[in-house]
Amino acid sequence: MAFISLRDIEKTYFLGEVDVPVLKGISLDIEKGEYVALMGASGSGKSTLMNILGCLDRQTRGDYFLDGEEVGRLSGDRRALIRNRKIGFVFQSFNLLPRTSALENVIMPLNYTAQNLSNAECRKRGLAALEQVGLADRAGHQPSQLSGGQQQRVAIARALINRPPLIFADEPTGNLDSRTSVEVMEMFSQLNREGITVILVTHSEEIANYAKRSIHISDGRVVSGVYRRAGE
Amino acid sequence: MRTVNTIRTSFKSLLRNPTRTLLTTLGIVIGIAAVITMMEIGNGSKTSIRASIEKMGANSVMVMPGSMQPPGSARAGAGSAVSLVPADADAIGNECPSVGMYSPVVRGSGIQVVFGNVNWEPGNMYGVAPAYLDIRGWKIAEGRRFTDQEVDTNARVCLVGSTIVKEVFGGASPVGSELRVGAVTFEVVGVLQSKGANMMGMDEDDVVLTPWTTLRMRVTGLKTGTATNTSSSVSDNPGERFAVSGVALYPEQDSRTTRDHLFYPRQTQINQIIFAAVSVDKVAQATKEVSALLRERHRLKADQDDDFRVFNASDFMNMLNQTSTLMTNLLMGVALISLVVGGVGIMNIMLVSVTERTREIGLRMALGARSRDILKQFLIESVVLCLAGGVIGILLGHGASLLIEKFARWPIESSPGAVIAAVVVSATVGILFGFYPAWKASRLDPIEALRYE
């Protein structure tokens, strides 16, 4: 079975008496080590799909296997653990804690891991992650003292801290200028080369071109990209 | 989530807005400070009461005359009646098995003492028997005590307290000096060891002790009554005393009979009888025996009230303790209300904080925090807030009671129990009032929370 496997995923929001179907039966497979762009206009359901993929939301119907495990029906605590251990999130607006140093931001997810790392161990891993994104010298800086690109790299370091096999990036360059966008996208390509599965959510063709496969969503259905491009 | 980190995080988030944190916790600070001050003052007064009771002699019991109610007029205060005579004291000593030492007490009030050119009105002037010193646990610092024989012979000897030594004798040793008490000259034979203030805050060392016979016979006079019935004089002639008009009940006494059968002034009044029970646990027993004996001696019928009152030290202590406990409890109630108000303030600010940090909560959830981690984080934050308030309150309250001790001269005693109680109470307030906001935070939907602006 593929690393990520969706089978007839449906998501319906129940708003009072009106049912709003957002995802109308999505099936697709993503293998380990892929670099996928999830594309679609706003309102197409791509954010909802991304939330389900990221274990933040549950599907109404269908099965979602992540790493061979049906995660849609797990308890909230188990899903929190999966988010913590298997998934790294990068957000459009960085979502760093204000007035908290870059290093503290990076090691924050370690607070929620089951394994007991010593404080020194945490700092070591945090510094290694910052090193990976080229910001080891900014460990003590607070988000307000960093540029947008640097903030996003701190966020990437935070996503990497638990060495997850899967990274979600939701419009990672939406708040960045084109030059720093390139830097950030290069970083994702680099991570993908190291074997991490990267799923980008974007509406920009330019950004989607960094990915090796594009999945287009429209009106709650996959319109293209269900299958991998030939030759990969 | 590791608790140490959570505590550090909550400190950080509280220090992010120090003014708000301080104002939020003010209710707790005031409540806890009030609790601490109350407890320290309450404990201090209890301890000082106990100490002065022990100083008074724990097994000592006082008998005072009851209140007097002249026909048709209002009842006068305790001790106004004339009901105790020296023979009562002897009877108590001889007939009650639970009574050890005893002494009659005669009070001399408003009497000046004079030495050289110094005039002084002692706070207390008592005529007593030597046993009084043992009952009250009063030691002689210098010189000697007076003897039973000196009591029998109305000897003009006296003992003085350290305040008298300082104020009247200018600090010099008074032993052997002549001290004029009222119109009579006494020889000072000894100095009493200093006792300090009693439980009412009166100086116990401002005292002159003489044999009770001397004070009664030579200084205050043979009082047979009090201010309310000084005019009544009692004849020594039984024929006159029990006269029924026109009928002679007794044979007429000639002058010689009158001279030979001198009537001992039976009505010589004493103000108090003080005695010691043979042991501390016999105090109640002795009190009962003395009451029964005095009722019999005073020929009180079963339906008549006692014409005397018996006080023992522990009754007195209970009375004083009751008053101070009542006050403490009242103020505790006020302090508890302040704590509840403070708790509501905490809840309010925690709700604001949860709303403000919705995005942070969403982020933490997305990165793997379980609901219970979020619950714990906010609970710890409100507990830390309350504990900080508690600690400030403890310091403030202790400071306040130190100031009270310094300026109002109330005895205080720091109480570890109160400190522990304050810490427990403030932590409880934090958990109680922090729970709802924390629960609300833990129920947030991470997707909604992340989108919150």
# chains A, B, ... in the order shown; residues from 1 in each chain; ligands from 1
$ residues_around --residues "segment 317-328 of chain B" --least-positions-apart "4" --cutoff "12 Å" --atoms "only C-alpha atoms" --output "number ranges by chain"
B: 34-54, 56, 58, 199-200, 311-313, 332-335
$ interface_residues --of "chain A" --to "chain B" --cutoff "10 Å" --atoms "only C-alpha atoms" --output "ChimeraX atom specification"
/A:48,51,54-57,76-89,91,93,95-100,108-114,116-117,119,158-159
$ residues_around --residues "segment 16-21 of chain A" --least-positions-apart "5" --cutoff "8 Å" --atoms "only C-alpha atoms" --output "MDAnalysis selection string"
chainID A and resid 10:11 220
$ residues_around --residues "segment 119-127 of chain B" --least-positions-apart "2" --cutoff "8 Å" --atoms "only C-alpha atoms" --output "PyMOL selection string"
chain B and resi 104-115+117+129+164+167-168+203-204+206-216
$ select_by_dssp --residues "segment 70-207 of chain A" --states "alpha helix (DSSP H)" --output "NGL selection string"
:A and (76-86 or 102-107 or 119-132 or 148-160 or 178-193 or 205-207)
$ residues_around --residues "Thr202 of chain A" --least-positions-apart "6" --cutoff "12 Å" --atoms "only C-alpha atoms" --output "number ranges by chain"
A: 36-42, 44, 46-47, 50, 91-92, 168-174, 208-211, 214-217
$ select_by_dssp --residues "segment 89-201 of chain A" --states "strand (DSSP E or B)" --output "number ranges by chain"
A: 89-90, 166-170, 197-201
$ write_last_selection --atoms "C-alpha atoms" --output "PDB file, in the first residue's frame"
ATOM      1  CA  PHE A  89       3.553  21.768   9.170  1.00  0.00           C
ATOM      2  CA  VAL A  90       4.652  24.968   7.466  1.00  0.00           C
ATOM      3  CA  LEU A 166       5.969  13.993   5.694  1.00  0.00           C
ATOM      4  CA  ILE A 167       5.871  17.777   5.444  1.00  0.00           C
ATOM      5  CA  PHE A 168       2.835  19.891   4.621  1.00  0.00           C
ATOM      6  CA  ALA A 169       3.390  23.411   3.360  1.00  0.00           C
ATOM      7  CA  ASP A 170       0.268  25.554   3.103  1.00  0.00           C
ATOM      8  CA  THR A 197       7.610  13.473   1.284  1.00  0.00           C
ATOM      9  CA  VAL A 198       6.546  17.074   0.636  1.00  0.00           C
ATOM     10  CA  ILE A 199       2.987  18.166  -0.032  1.00  0.00           C
ATOM     11  CA  LEU A 200       2.560  21.781  -1.135  1.00  0.00           C
ATOM     12  CA  VAL A 201      -0.761  23.527  -1.123  1.00  0.00           C
TER      13      VAL A 201
END
$ residues_around --residues "Phe65 of chain A" --least-positions-apart "6" --cutoff "8 Å" --atoms "only C-alpha atoms" --output "PDB file with C-alpha atoms, in the first residue's frame"
ATOM      1  CA  PHE A   3       2.418   5.824   1.995  1.00  0.00           C
ATOM      2  CA  ILE A   4      -0.713   7.955   1.738  1.00  0.00           C
ATOM      3  CA  SER A   5      -3.815   6.320   0.426  1.00  0.00           C
ATOM      4  CA  LEU A   6      -7.213   8.023   0.153  1.00  0.00           C
ATOM      5  CA  VAL A  71      -6.107   7.608  10.894  1.00  0.00           C
TER       6      VAL A  71
END
$ atom_distance --atom1 "atom CA of Leu133 of chain B" --atom2 "atom CA of Asp205 of chain B"
13.3 Å
$ residues_around --residues "segment 437-442 of chain B" --least-positions-apart "5" --cutoff "8 Å" --atoms "only C-alpha atoms" --output "list of chain:residue names"
B:Met347, B:Met350, B:Leu351, B:Val354, B:Thr358, B:Ile361, B:Ser371, B:Arg372, B:Asp373, B:Ile374, B:Leu375, B:Lys376, B:Gln377, B:Phe378, B:Leu379
$ write_last_selection --atoms "N, CA and C atoms" --output "PDB file, in the first residue's frame"
ATOM      1  N   MET B 347     -10.391  34.416  36.585  1.00  0.00           N
ATOM      2  CA  MET B 347     -11.121  33.717  35.529  1.00  0.00           C
ATOM      3  C   MET B 347     -11.321  34.646  34.328  1.00  0.00           C
ATOM      4  N   MET B 350      -8.101  35.099  32.458  1.00  0.00           N
ATOM      5  CA  MET B 350      -7.712  33.869  31.763  1.00  0.00           C
ATOM      6  C   MET B 350      -8.561  33.681  30.507  1.00  0.00           C
ATOM      7  N   LEU B 351      -9.838  34.044  30.581  1.00  0.00           N
ATOM      8  CA  LEU B 351     -10.689  33.947  29.385  1.00  0.00           C
ATOM      9  C   LEU B 351     -10.180  34.891  28.300  1.00  0.00           C
ATOM     10  N   VAL B 354      -7.109  33.361  26.816  1.00  0.00           N
ATOM     11  CA  VAL B 354      -7.392  32.243  25.904  1.00  0.00           C
ATOM     12  C   VAL B 354      -7.815  32.786  24.539  1.00  0.00           C
ATOM     13  N   THR B 358      -5.665  32.384  20.840  1.00  0.00           N
ATOM     14  CA  THR B 358      -6.330  31.321  20.089  1.00  0.00           C
ATOM     15  C   THR B 358      -5.400  30.719  19.033  1.00  0.00           C
ATOM     16  N   ILE B 361      -2.869  28.490  20.502  1.00  0.00           N
ATOM     17  CA  ILE B 361      -3.453  27.210  20.914  1.00  0.00           C
ATOM     18  C   ILE B 361      -3.620  26.311  19.698  1.00  0.00           C
ATOM     19  N   SER B 371      -5.511  17.772  23.829  1.00  0.00           N
ATOM     20  CA  SER B 371      -6.363  18.729  24.570  1.00  0.00           C
ATOM     21  C   SER B 371      -5.906  18.833  26.007  1.00  0.00           C
ATOM     22  N   ARG B 372      -5.506  17.689  26.565  1.00  0.00           N
ATOM     23  CA  ARG B 372      -5.141  17.740  27.983  1.00  0.00           C
ATOM     24  C   ARG B 372      -3.838  18.518  28.190  1.00  0.00           C
ATOM     25  N   ASP B 373      -2.970  18.553  27.156  1.00  0.00           N
ATOM     26  CA  ASP B 373      -1.769  19.394  27.278  1.00  0.00           C
ATOM     27  C   ASP B 373      -2.149  20.869  27.354  1.00  0.00           C
ATOM     28  N   ILE B 374      -3.123  21.241  26.520  1.00  0.00           N
ATOM     29  CA  ILE B 374      -3.578  22.645  26.517  1.00  0.00           C
ATOM     30  C   ILE B 374      -4.256  22.965  27.842  1.00  0.00           C
ATOM     31  N   LEU B 375      -5.115  22.038  28.291  1.00  0.00           N
ATOM     32  CA  LEU B 375      -5.795  22.216  29.574  1.00  0.00           C
ATOM     33  C   LEU B 375      -4.773  22.436  30.682  1.00  0.00           C
ATOM     34  N   LYS B 376      -3.755  21.581  30.678  1.00  0.00           N
ATOM     35  CA  LYS B 376      -2.722  21.640  31.704  1.00  0.00           C
ATOM     36  C   LYS B 376      -1.983  22.974  31.633  1.00  0.00           C
ATOM     37  N   GLN B 377      -1.671  23.382  30.406  1.00  0.00           N
ATOM     38  CA  GLN B 377      -0.905  24.619  30.268  1.00  0.00           C
ATOM     39  C   GLN B 377      -1.652  25.803  30.882  1.00  0.00           C
ATOM     40  N   PHE B 378      -2.944  25.909  30.566  1.00  0.00           N
ATOM     41  CA  PHE B 378      -3.682  27.073  31.070  1.00  0.00           C
ATOM     42  C   PHE B 378      -4.001  26.944  32.552  1.00  0.00           C
ATOM     43  N   LEU B 379      -4.214  25.700  33.007  1.00  0.00           N
ATOM     44  CA  LEU B 379      -4.419  25.514  34.440  1.00  0.00           C
ATOM     45  C   LEU B 379      -3.172  25.919  35.204  1.00  0.00           C
TER      46      LEU B 379
END
$ closest_residue --among "B:Gly389, B:Gly100, B:Pro174, B:Gly190" --to "Thr21 of chain B" --atoms "only C-alpha atoms"
B:Gly389
$ closest_residue --among "A:Arg163, A:Arg73, A:Arg58, A:Arg138" --to "Leu191 of chain A" --atoms "only C-alpha atoms"
A:Arg163
$ atom_distance --atom1 "atom CA of Gln190 of chain A" --atom2 "atom CA of Val226 of chain A"
24.3 Å
